[in-house]
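> Contents of structure.txt (compact mmCIF, N, CA, C and O atoms):
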# COMPACT_ATOMS: atom_id res chain seq x y z
N MET A 1 0.84 -1.17 0.00
CA MET A 1 0.00 0.00 0.00
C MET A 1 0.89 1.24 0.00
O MET A 1 1.92 1.28 0.63
N PHE A 2 0.48 2.27 -0.72
CA PHE A 2 1.24 3.51 -0.79
C PHE A 2 0.29 4.67 -0.55
O PHE A 2 -0.63 4.89 -1.31
N ASP A 3 0.49 5.39 0.53
CA ASP A 3 -0.35 6.53 0.84
C ASP A 3 0.45 7.82 0.77
O ASP A 3 1.61 7.87 1.18
N TYR A 4 -0.20 8.85 0.27
CA TYR A 4 0.40 10.18 0.28
C TYR A 4 -0.72 11.21 0.32
O TYR A 4 -1.86 10.93 -0.02
N TRP A 5 -0.37 12.38 0.76
CA TRP A 5 -1.33 13.48 0.86
C TRP A 5 -0.81 14.61 0.00
O TRP A 5 0.38 14.91 -0.02
N VAL A 6 -1.72 15.25 -0.71
CA VAL A 6 -1.37 16.35 -1.61
C VAL A 6 -1.81 17.67 -0.97
O VAL A 6 -2.92 17.77 -0.45
N TRP A 7 -0.91 18.67 -0.99
CA TRP A 7 -1.22 19.98 -0.45
C TRP A 7 -2.48 20.51 -1.12
O TRP A 7 -2.74 20.23 -2.27
N HIS A 8 -3.24 21.30 -0.42
CA HIS A 8 -4.57 21.72 -0.88
C HIS A 8 -4.56 22.66 -2.08
O HIS A 8 -5.62 22.92 -2.66
N LYS A 9 -3.40 23.19 -2.48
CA LYS A 9 -3.36 24.04 -3.66
C LYS A 9 -2.03 23.87 -4.37
O LYS A 9 -1.05 23.45 -3.77
N ARG A 10 -2.02 24.18 -5.66
CA ARG A 10 -0.78 24.19 -6.43
C ARG A 10 -0.16 25.57 -6.30
O ARG A 10 -0.85 26.57 -6.21
N LEU A 11 1.17 25.62 -6.29
CA LEU A 11 1.90 26.87 -6.03
C LEU A 11 2.42 27.47 -7.33
O LEU A 11 3.19 26.83 -8.04
N PRO A 12 2.01 28.70 -7.65
CA PRO A 12 2.55 29.34 -8.86
C PRO A 12 3.99 29.78 -8.64
O PRO A 12 4.32 30.37 -7.61
N THR A 13 4.86 29.45 -9.59
CA THR A 13 6.26 29.88 -9.56
C THR A 13 6.66 30.22 -10.99
O THR A 13 5.93 29.90 -11.93
N PRO A 14 7.81 30.85 -11.20
CA PRO A 14 8.27 31.11 -12.57
C PRO A 14 8.46 29.84 -13.40
O PRO A 14 8.53 29.90 -14.61
N LEU A 15 8.54 28.68 -12.74
CA LEU A 15 8.70 27.41 -13.45
C LEU A 15 7.37 26.74 -13.75
O LEU A 15 7.34 25.65 -14.30
N GLY A 16 6.29 27.35 -13.36
CA GLY A 16 4.98 26.73 -13.48
C GLY A 16 4.44 26.44 -12.09
O GLY A 16 4.99 26.89 -11.09
N HIS A 17 3.38 25.69 -12.04
CA HIS A 17 2.75 25.38 -10.76
C HIS A 17 3.40 24.15 -10.13
O HIS A 17 3.60 23.14 -10.80
N PHE A 18 3.75 24.26 -8.85
CA PHE A 18 4.31 23.14 -8.09
C PHE A 18 3.19 22.49 -7.28
O PHE A 18 2.30 23.17 -6.79
N SER A 19 3.28 21.19 -7.14
CA SER A 19 2.41 20.45 -6.22
C SER A 19 3.27 19.92 -5.09
O SER A 19 4.41 19.52 -5.31
N VAL A 20 2.74 19.92 -3.89
CA VAL A 20 3.45 19.41 -2.73
C VAL A 20 2.77 18.13 -2.29
O VAL A 20 1.56 18.11 -2.05
N GLU A 21 3.53 17.05 -2.22
CA GLU A 21 3.02 15.76 -1.74
C GLU A 21 3.71 15.41 -0.43
O GLU A 21 4.92 15.56 -0.30
N LEU A 22 2.94 14.96 0.52
CA LEU A 22 3.48 14.50 1.80
C LEU A 22 3.40 12.98 1.79
O LEU A 22 2.32 12.41 1.66
N GLN A 23 4.55 12.32 1.93
CA GLN A 23 4.62 10.86 1.85
C GLN A 23 5.22 10.30 3.12
O GLN A 23 6.16 10.86 3.68
N MET A 24 4.70 9.19 3.55
CA MET A 24 5.23 8.49 4.72
C MET A 24 6.39 7.60 4.28
O MET A 24 6.38 7.05 3.19
N LEU A 25 7.37 7.45 5.15
CA LEU A 25 8.52 6.61 4.83
C LEU A 25 8.18 5.13 4.89
O LEU A 25 8.71 4.33 4.13
N ASP A 26 7.31 4.76 5.79
CA ASP A 26 6.93 3.36 5.96
C ASP A 26 5.67 3.08 5.15
O ASP A 26 4.65 3.75 5.32
N ASP A 27 5.73 2.10 4.26
CA ASP A 27 4.57 1.77 3.43
C ASP A 27 3.35 1.37 4.23
O ASP A 27 2.22 1.49 3.76
N ASP A 28 3.54 0.89 5.45
CA ASP A 28 2.42 0.46 6.28
C ASP A 28 1.81 1.61 7.09
O ASP A 28 0.80 1.42 7.76
N ASP A 29 2.41 2.78 7.02
CA ASP A 29 1.93 3.92 7.79
C ASP A 29 0.84 4.63 7.01
O ASP A 29 1.09 5.30 6.01
N THR A 30 -0.40 4.49 7.44
CA THR A 30 -1.54 5.13 6.77
C THR A 30 -2.07 6.32 7.56
O THR A 30 -3.12 6.86 7.22
N ASN A 31 -1.35 6.71 8.62
CA ASN A 31 -1.76 7.87 9.41
C ASN A 31 -1.58 9.14 8.60
O ASN A 31 -0.68 9.23 7.76
N PRO A 32 -2.38 10.15 8.85
CA PRO A 32 -2.17 11.43 8.18
C PRO A 32 -0.87 12.07 8.67
O PRO A 32 -0.32 11.67 9.69
N PRO A 33 -0.38 13.06 7.94
CA PRO A 33 0.85 13.74 8.36
C PRO A 33 0.71 14.32 9.76
O PRO A 33 -0.35 14.82 10.13
N ASP A 34 1.80 14.26 10.52
CA ASP A 34 1.77 14.82 11.87
C ASP A 34 2.03 16.32 11.82
O ASP A 34 2.29 16.90 10.76
N GLU A 35 1.97 16.95 12.98
CA GLU A 35 2.12 18.41 13.06
C GLU A 35 3.50 18.87 12.56
O GLU A 35 3.61 19.91 11.91
N GLU A 36 4.53 18.11 12.83
CA GLU A 36 5.87 18.47 12.39
C GLU A 36 5.96 18.46 10.86
O GLU A 36 6.52 19.36 10.24
N MET A 37 5.41 17.43 10.24
CA MET A 37 5.44 17.34 8.78
C MET A 37 4.63 18.49 8.17
O MET A 37 5.06 19.11 7.19
N LEU A 38 3.48 18.80 8.74
CA LEU A 38 2.67 19.91 8.24
C LEU A 38 3.38 21.24 8.41
O LEU A 38 3.33 22.11 7.52
N ARG A 39 4.08 21.42 9.53
CA ARG A 39 4.82 22.66 9.76
C ARG A 39 5.92 22.82 8.71
O ARG A 39 6.09 23.89 8.12
N ARG A 40 6.65 21.75 8.47
CA ARG A 40 7.74 21.82 7.49
C ARG A 40 7.20 22.01 6.07
O ARG A 40 7.78 22.74 5.28
N ALA A 41 6.10 21.36 5.75
CA ALA A 41 5.49 21.55 4.44
C ALA A 41 5.02 23.00 4.28
O ALA A 41 5.17 23.59 3.20
N SER A 42 4.47 23.58 5.33
CA SER A 42 4.04 24.97 5.28
C SER A 42 5.22 25.90 5.02
O SER A 42 5.11 26.86 4.25
N GLU A 43 6.36 25.61 5.62
CA GLU A 43 7.56 26.40 5.39
C GLU A 43 8.01 26.28 3.93
O GLU A 43 8.38 27.28 3.29
N LEU A 44 7.96 25.07 3.39
CA LEU A 44 8.33 24.84 2.00
C LEU A 44 7.38 25.60 1.07
O LEU A 44 7.82 26.24 0.11
N VAL A 45 6.11 25.56 1.36
CA VAL A 45 5.12 26.27 0.54
C VAL A 45 5.39 27.77 0.56
O VAL A 45 5.43 28.43 -0.49
N ARG A 46 5.61 28.33 1.74
CA ARG A 46 5.90 29.77 1.84
C ARG A 46 7.17 30.12 1.08
O ARG A 46 7.24 31.14 0.40
N TYR A 47 8.18 29.27 1.18
CA TYR A 47 9.43 29.52 0.47
C TYR A 47 9.20 29.51 -1.05
O TYR A 47 9.65 30.41 -1.76
N ALA A 48 8.53 28.50 -1.55
CA ALA A 48 8.28 28.41 -3.00
C ALA A 48 7.46 29.59 -3.49
O ALA A 48 7.70 30.11 -4.59
N GLU A 49 6.51 30.04 -2.69
CA GLU A 49 5.67 31.17 -3.09
C GLU A 49 6.44 32.49 -3.13
O GLU A 49 6.11 33.37 -3.91
N THR A 50 7.46 32.62 -2.29
CA THR A 50 8.15 33.91 -2.17
C THR A 50 9.55 33.92 -2.78
O THR A 50 10.16 34.99 -2.86
N HIS A 51 10.06 32.77 -3.21
CA HIS A 51 11.43 32.71 -3.74
C HIS A 51 11.48 32.04 -5.11
O HIS A 51 12.45 31.34 -5.44
N GLY A 52 10.47 32.25 -5.92
CA GLY A 52 10.43 31.62 -7.24
C GLY A 52 11.61 31.97 -8.12
O GLY A 52 12.14 31.13 -8.85
N ASP A 53 12.06 33.22 -8.05
CA ASP A 53 13.22 33.62 -8.87
C ASP A 53 14.49 32.89 -8.44
O ASP A 53 15.31 32.52 -9.27
N TYR A 54 14.65 32.68 -7.13
CA TYR A 54 15.82 31.94 -6.66
C TYR A 54 15.75 30.49 -7.13
O TYR A 54 16.77 29.91 -7.54
N ILE A 55 14.57 29.90 -7.09
CA ILE A 55 14.41 28.51 -7.56
C ILE A 55 14.77 28.44 -9.04
O ILE A 55 15.45 27.50 -9.48
N LEU A 56 14.35 29.42 -9.82
CA LEU A 56 14.69 29.46 -11.24
C LEU A 56 16.20 29.61 -11.43
O LEU A 56 16.80 28.95 -12.28
N ASP A 57 16.84 30.47 -10.63
CA ASP A 57 18.30 30.62 -10.70
C ASP A 57 18.99 29.29 -10.41
O ASP A 57 19.96 28.92 -11.08
N PHE A 58 18.50 28.58 -9.42
CA PHE A 58 19.06 27.29 -9.03
C PHE A 58 18.94 26.29 -10.20
O PHE A 58 19.90 25.61 -10.55
N LEU A 59 17.76 26.23 -10.79
CA LEU A 59 17.54 25.33 -11.93
C LEU A 59 18.46 25.69 -13.09
O LEU A 59 19.07 24.81 -13.70
N PHE A 60 18.56 26.97 -13.38
CA PHE A 60 19.41 27.39 -14.49
C PHE A 60 20.87 27.05 -14.22
O PHE A 60 21.61 26.64 -15.13
N GLY A 61 21.31 27.19 -12.98
CA GLY A 61 22.67 26.80 -12.63
C GLY A 61 22.93 25.33 -12.88
O GLY A 61 23.97 24.95 -13.42
N TYR A 62 21.97 24.48 -12.51
CA TYR A 62 22.12 23.05 -12.78
C TYR A 62 22.08 22.75 -14.27
O TYR A 62 22.78 21.88 -14.77
N TYR A 63 21.25 23.49 -14.99
CA TYR A 63 21.20 23.33 -16.45
C TYR A 63 22.57 23.62 -17.06
O TYR A 63 23.07 22.88 -17.89
N ARG A 64 23.19 24.72 -16.62
CA ARG A 64 24.51 25.08 -17.14
C ARG A 64 25.55 24.02 -16.77
O ARG A 64 26.41 23.69 -17.58
N LEU A 65 25.48 23.50 -15.55
CA LEU A 65 26.40 22.45 -15.13
C LEU A 65 26.20 21.20 -15.98
O LEU A 65 27.16 20.58 -16.43
N ALA A 66 24.95 20.83 -16.22
CA ALA A 66 24.66 19.65 -17.03
C ALA A 66 25.17 19.83 -18.46
O ALA A 66 25.52 18.85 -19.13
N GLY A 67 25.21 21.07 -18.93
CA GLY A 67 25.69 21.35 -20.28
C GLY A 67 27.17 21.07 -20.46
O GLY A 67 27.65 20.98 -21.59
N GLU A 68 27.89 20.91 -19.36
CA GLU A 68 29.33 20.61 -19.44
C GLU A 68 29.58 19.12 -19.65
O GLU A 68 30.72 18.71 -19.79
N SER A 69 28.52 18.32 -19.67
CA SER A 69 28.66 16.88 -19.91
C SER A 69 27.63 16.47 -20.96
O SER A 69 27.06 17.30 -21.64
N ASP A 70 27.38 15.18 -21.07
CA ASP A 70 26.40 14.67 -22.04
C ASP A 70 25.00 14.56 -21.46
O ASP A 70 24.10 14.04 -22.11
N TRP A 71 24.79 15.04 -20.24
CA TRP A 71 23.49 14.86 -19.58
C TRP A 71 22.34 15.46 -20.36
O TRP A 71 21.27 14.88 -20.46
N LEU A 72 22.51 16.67 -20.92
CA LEU A 72 21.42 17.30 -21.66
C LEU A 72 21.03 16.46 -22.87
O LEU A 72 19.84 16.24 -23.11
N ASP A 73 22.02 16.00 -23.61
CA ASP A 73 21.73 15.18 -24.78
C ASP A 73 21.03 13.89 -24.39
O ASP A 73 20.06 13.48 -25.04
N MET A 74 21.50 13.25 -23.32
CA MET A 74 20.90 11.99 -22.88
C MET A 74 19.45 12.19 -22.44
O MET A 74 18.62 11.31 -22.62
N ALA A 75 19.13 13.35 -21.89
CA ALA A 75 17.79 13.62 -21.40
C ALA A 75 16.91 14.29 -22.46
O ALA A 75 15.73 14.54 -22.22
N GLY A 76 17.47 14.58 -23.62
CA GLY A 76 16.70 15.22 -24.67
C GLY A 76 16.39 16.68 -24.40
O GLY A 76 15.40 17.22 -24.90
N VAL A 77 17.25 17.34 -23.60
CA VAL A 77 17.05 18.76 -23.28
C VAL A 77 17.89 19.58 -24.25
O VAL A 77 19.07 19.32 -24.43
N PRO A 78 17.29 20.58 -24.88
CA PRO A 78 18.06 21.37 -25.85
C PRO A 78 19.16 22.18 -25.18
O PRO A 78 19.04 22.59 -24.04
N ARG A 79 20.20 22.42 -25.93
CA ARG A 79 21.29 23.28 -25.47
C ARG A 79 20.99 24.72 -25.84
O ARG A 79 20.14 24.99 -26.68
N GLY A 80 21.69 25.65 -25.21
CA GLY A 80 21.59 27.05 -25.56
C GLY A 80 20.38 27.77 -24.98
O GLY A 80 20.05 28.87 -25.43
N LEU A 81 19.75 27.18 -23.97
CA LEU A 81 18.62 27.86 -23.35
C LEU A 81 19.12 29.00 -22.47
O LEU A 81 20.23 28.97 -21.95
N THR A 82 18.29 29.99 -22.30
CA THR A 82 18.60 31.10 -21.41
C THR A 82 17.86 30.89 -20.09
O THR A 82 17.04 29.98 -19.96
N ARG A 83 18.13 31.75 -19.13
CA ARG A 83 17.42 31.68 -17.85
C ARG A 83 15.92 31.81 -18.08
O ARG A 83 15.13 31.16 -17.43
N GLU A 84 15.54 32.63 -19.04
CA GLU A 84 14.12 32.85 -19.30
C GLU A 84 13.47 31.67 -20.03
O GLU A 84 12.28 31.44 -19.88
N THR A 85 14.23 30.93 -20.82
CA THR A 85 13.63 29.83 -21.60
C THR A 85 13.82 28.46 -20.96
O THR A 85 13.16 27.52 -21.36
N VAL A 86 14.71 28.34 -19.97
CA VAL A 86 14.94 27.04 -19.37
C VAL A 86 13.69 26.53 -18.64
O VAL A 86 13.44 25.33 -18.59
N SER A 87 12.87 27.44 -18.14
CA SER A 87 11.65 27.00 -17.43
C SER A 87 10.66 26.35 -18.39
O SER A 87 9.94 25.43 -18.02
N PHE A 88 10.63 26.78 -19.65
CA PHE A 88 9.73 26.15 -20.62
C PHE A 88 10.19 24.75 -20.95
O PHE A 88 9.39 23.85 -21.13
N ALA A 89 11.51 24.55 -21.04
CA ALA A 89 12.05 23.22 -21.33
C ALA A 89 11.79 22.27 -20.17
O ALA A 89 11.53 21.09 -20.37
N SER A 90 11.83 22.77 -18.93
CA SER A 90 11.62 21.90 -17.78
C SER A 90 10.16 21.52 -17.63
O SER A 90 9.83 20.55 -16.96
N ALA A 91 9.25 22.25 -18.25
CA ALA A 91 7.82 21.96 -18.11
C ALA A 91 7.35 20.88 -19.07
O ALA A 91 6.23 20.42 -18.98
N ARG A 92 8.20 20.43 -19.97
CA ARG A 92 7.80 19.39 -20.95
C ARG A 92 7.65 18.05 -20.31
O ARG A 92 8.21 17.66 -19.41
Since I need it in another form, could you write the structure as structure tokens?


Amino acid sequence: MFDYWVWHKRLPTPLGHFSVELQMLDDDDTNPPDEEMLRRASELVRYAETHGDYILDFLFGYYRLAGESDWLDMAGVPRGLTRETVSFASAR
């Protein structure tokens, strides 16, 4: 059995809408998320809502790093994307 809980709304960011899933580590654990997990998820949601540009910078940095190897070609990601266009490629 695999249980997970989905945050009540999708989060708009420069990369598109994010969904937050809360998953238990133990497959037999069917209890809802505890207060600690909800608190941490709330922090993540607030961060994603207020730091979308930083998340995009982070993604673009990894894109540039991947461009130094064959990773982009292996994943079918085009080369030569800019910070502004890398989010469209990641949404495919």

> Rank A:Tyr4, A:Ser69, A:Leu44, A:Pro12 by their smallest atom-to-atom distance to A:Pro32, using all atoms listed in the file, and report the top residue only.

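For A:Pro32, the nearest of the given residues is A:Tyr4.
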
> Residues near A:Pro33, anyone? I mean within 8 Å using only N, CA, C and O atoms, not counting same-chain ones fewer than 2 positions away, as an MDAnalysis selection string.

chainID A and resid 4:5 22:24 30:31 35:39

> Name all residues at most 7 Å from A:Ser19 (count all atoms listed in the file; drop same-chain ones fewer than 3 positions away) and give them as an mmCIF file with N, CA, C and O atoms, in the frame of the given file.


data_model
loop_
_atom_site.group_PDB
_atom_site.id
_atom_site.type_symbol
_atom_site.label_atom_id
_atom_site.label_comp_id
_atom_site.auth_asym_id
_atom_site.auth_seq_id
_atom_site.Cartn_x
_atom_site.Cartn_y
_atom_site.Cartn_z
ATOM 1 N N VAL A 6 -1.720 15.250 -0.710
ATOM 2 C CA VAL A 6 -1.370 16.350 -1.610
ATOM 3 C C VAL A 6 -1.810 17.670 -0.970
ATOM 4 O O VAL A 6 -2.920 17.770 -0.450
ATOM 5 N N TRP A 7 -0.910 18.670 -0.990
ATOM 6 C CA TRP A 7 -1.220 19.980 -0.450
ATOM 7 C C TRP A 7 -2.480 20.510 -1.120
ATOM 8 O O TRP A 7 -2.740 20.230 -2.270
ATOM 9 N N LYS A 9 -3.400 23.190 -2.480
ATOM 10 C CA LYS A 9 -3.360 24.040 -3.660
ATOM 11 C C LYS A 9 -2.030 23.870 -4.370
ATOM 12 O O LYS A 9 -1.050 23.450 -3.770
ATOM 13 N N ARG A 10 -2.020 24.180 -5.660
ATOM 14 C CA ARG A 10 -0.780 24.190 -6.430
ATOM 15 C C ARG A 10 -0.160 25.570 -6.300
ATOM 16 O O ARG A 10 -0.850 26.570 -6.210
ATOM 17 N N LEU A 11 1.170 25.620 -6.290
ATOM 18 C CA LEU A 11 1.900 26.870 -6.030
ATOM 19 C C LEU A 11 2.420 27.470 -7.330
ATOM 20 O O LEU A 11 3.190 26.830 -8.040
#

> To test the calculation: enclose all listed atoms of stretch 16-35 of chain A in a box whose edges run along x, y and z, add 6 Å on each side, then state centre and edge lengths in Å to one decimal, as lines of an AutoDock Vina configuration file.


center_x = 2.8
center_y = 13.9
center_z = -0.2
size_x = 23.8
size_y = 38.9
size_z = 38.5

> In Å to one decimal, how far is atom O of A:Glu68 from atom C of A:Val86?

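Atom-to-atom, atom C of A:Val86 and atom O of A:Glu68 are spaced 18.8 Å apart.
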
> Pick the closest to A:Gly16 from A:Gly52, A:Ala75, A:Arg40, A:Asp3: which is it, counting only C-alpha atoms?

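Looking at the shortest contact to A:Gly16, the residue is A:Gly52.
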
> Grab the atom CA of A:Glu21 to atom CA of A:Tyr63 distance for me, in Å with one decimal place.

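Atom CA of A:Tyr63 lies 24.6 Å from atom CA of A:Glu21.
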
> Neighbours of A:Gly80 within 12 Å (only C-alpha atoms; same-chain residues fewer than 6 positions away dropped), as a VMD selection string?

chain A and resid 60 63 to 64 66 to 68 72 to 73 86 89

> Which residue, A:Ala41, A:Pro14, A:His8, A:Arg46, has the smallest gap to A:Glu84 when you use all atoms listed in the file?

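Of all the options, A:Pro14 lies closest to A:Glu84.
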
> So how many Å separate atom CA of A:Asp53 and atom CA of A:Thr13, to one decimal?

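Computing the Euclidean distance for atom CA of A:Asp53 and atom CA of A:Thr13 yields 7.9 Å.
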
> For stretch 12-23 of chain A, which lacks atoms in the input, supply all heavy atoms and format the output as a compact mmCIF listing (two decimals), in the frame of the given file.


# COMPACT_ATOMS: atom_id res chain seq x y z
N PRO A 12 2.01 28.70 -7.65
CA PRO A 12 2.55 29.34 -8.86
C PRO A 12 3.99 29.78 -8.64
O PRO A 12 4.32 30.37 -7.61
CB PRO A 12 1.62 30.53 -9.07
CG PRO A 12 1.05 30.83 -7.71
CD PRO A 12 1.03 29.52 -6.96
N THR A 13 4.86 29.45 -9.59
CA THR A 13 6.26 29.88 -9.56
C THR A 13 6.66 30.22 -10.99
O THR A 13 5.93 29.90 -11.93
CB THR A 13 7.20 28.77 -9.04
OG1 THR A 13 7.34 27.77 -10.05
CG2 THR A 13 6.70 28.15 -7.74
N PRO A 14 7.81 30.85 -11.20
CA PRO A 14 8.27 31.11 -12.57
C PRO A 14 8.46 29.84 -13.40
O PRO A 14 8.53 29.90 -14.61
CB PRO A 14 9.62 31.82 -12.36
CG PRO A 14 9.51 32.45 -11.02
CD PRO A 14 8.68 31.48 -10.21
N LEU A 15 8.54 28.68 -12.74
CA LEU A 15 8.70 27.41 -13.45
C LEU A 15 7.37 26.74 -13.75
O LEU A 15 7.34 25.65 -14.30
CB LEU A 15 9.56 26.45 -12.62
CG LEU A 15 10.98 26.91 -12.38
CD1 LEU A 15 11.67 26.00 -11.38
CD2 LEU A 15 11.74 26.94 -13.69
N GLY A 16 6.29 27.35 -13.36
CA GLY A 16 4.98 26.73 -13.48
C GLY A 16 4.44 26.44 -12.09
O GLY A 16 4.99 26.89 -11.09
N HIS A 17 3.38 25.69 -12.04
CA HIS A 17 2.75 25.38 -10.76
C HIS A 17 3.40 24.15 -10.13
O HIS A 17 3.60 23.14 -10.80
CB HIS A 17 1.26 25.14 -10.94
CG HIS A 17 0.50 26.39 -11.16
ND1 HIS A 17 0.41 27.01 -12.39
CD2 HIS A 17 -0.19 27.17 -10.31
CE1 HIS A 17 -0.30 28.10 -12.29
NE2 HIS A 17 -0.68 28.24 -11.03
N PHE A 18 3.75 24.26 -8.85
CA PHE A 18 4.31 23.14 -8.09
C PHE A 18 3.19 22.49 -7.28
O PHE A 18 2.30 23.17 -6.79
CB PHE A 18 5.36 23.62 -7.09
CG PHE A 18 6.71 23.95 -7.68
CD1 PHE A 18 6.95 23.90 -9.03
CD2 PHE A 18 7.75 24.29 -6.84
CE1 PHE A 18 8.19 24.21 -9.55
CE2 PHE A 18 9.00 24.60 -7.35
CZ PHE A 18 9.22 24.56 -8.71
N SER A 19 3.28 21.19 -7.14
CA SER A 19 2.41 20.45 -6.22
C SER A 19 3.27 19.92 -5.09
O SER A 19 4.41 19.52 -5.31
CB SER A 19 1.73 19.28 -6.93
OG SER A 19 0.84 19.74 -7.90
N VAL A 20 2.74 19.92 -3.89
CA VAL A 20 3.45 19.41 -2.73
C VAL A 20 2.77 18.13 -2.29
O VAL A 20 1.56 18.11 -2.05
CB VAL A 20 3.46 20.43 -1.57
CG1 VAL A 20 4.13 19.86 -0.34
CG2 VAL A 20 4.13 21.73 -2.00
N GLU A 21 3.53 17.05 -2.22
CA GLU A 21 3.02 15.76 -1.74
C GLU A 21 3.71 15.41 -0.43
O GLU A 21 4.92 15.56 -0.30
CB GLU A 21 3.30 14.64 -2.74
CG GLU A 21 2.52 14.74 -4.01
CD GLU A 21 2.78 13.57 -4.94
OE1 GLU A 21 3.58 12.66 -4.58
OE2 GLU A 21 2.20 13.56 -6.03
N LEU A 22 2.94 14.96 0.52
CA LEU A 22 3.48 14.50 1.80
C LEU A 22 3.40 12.98 1.79
O LEU A 22 2.32 12.41 1.66
CB LEU A 22 2.67 15.09 2.95
CG LEU A 22 2.50 16.61 2.92
CD1 LEU A 22 1.59 17.07 4.04
CD2 LEU A 22 3.84 17.30 3.00
N GLN A 23 4.55 12.32 1.93
CA GLN A 23 4.62 10.86 1.85
C GLN A 23 5.22 10.30 3.12
O GLN A 23 6.16 10.86 3.68
CB GLN A 23 5.46 10.43 0.66
CG GLN A 23 4.93 10.93 -0.65
CD GLN A 23 5.81 10.54 -1.82
OE1 GLN A 23 6.79 9.82 -1.67
NE2 GLN A 23 5.46 11.01 -3.00
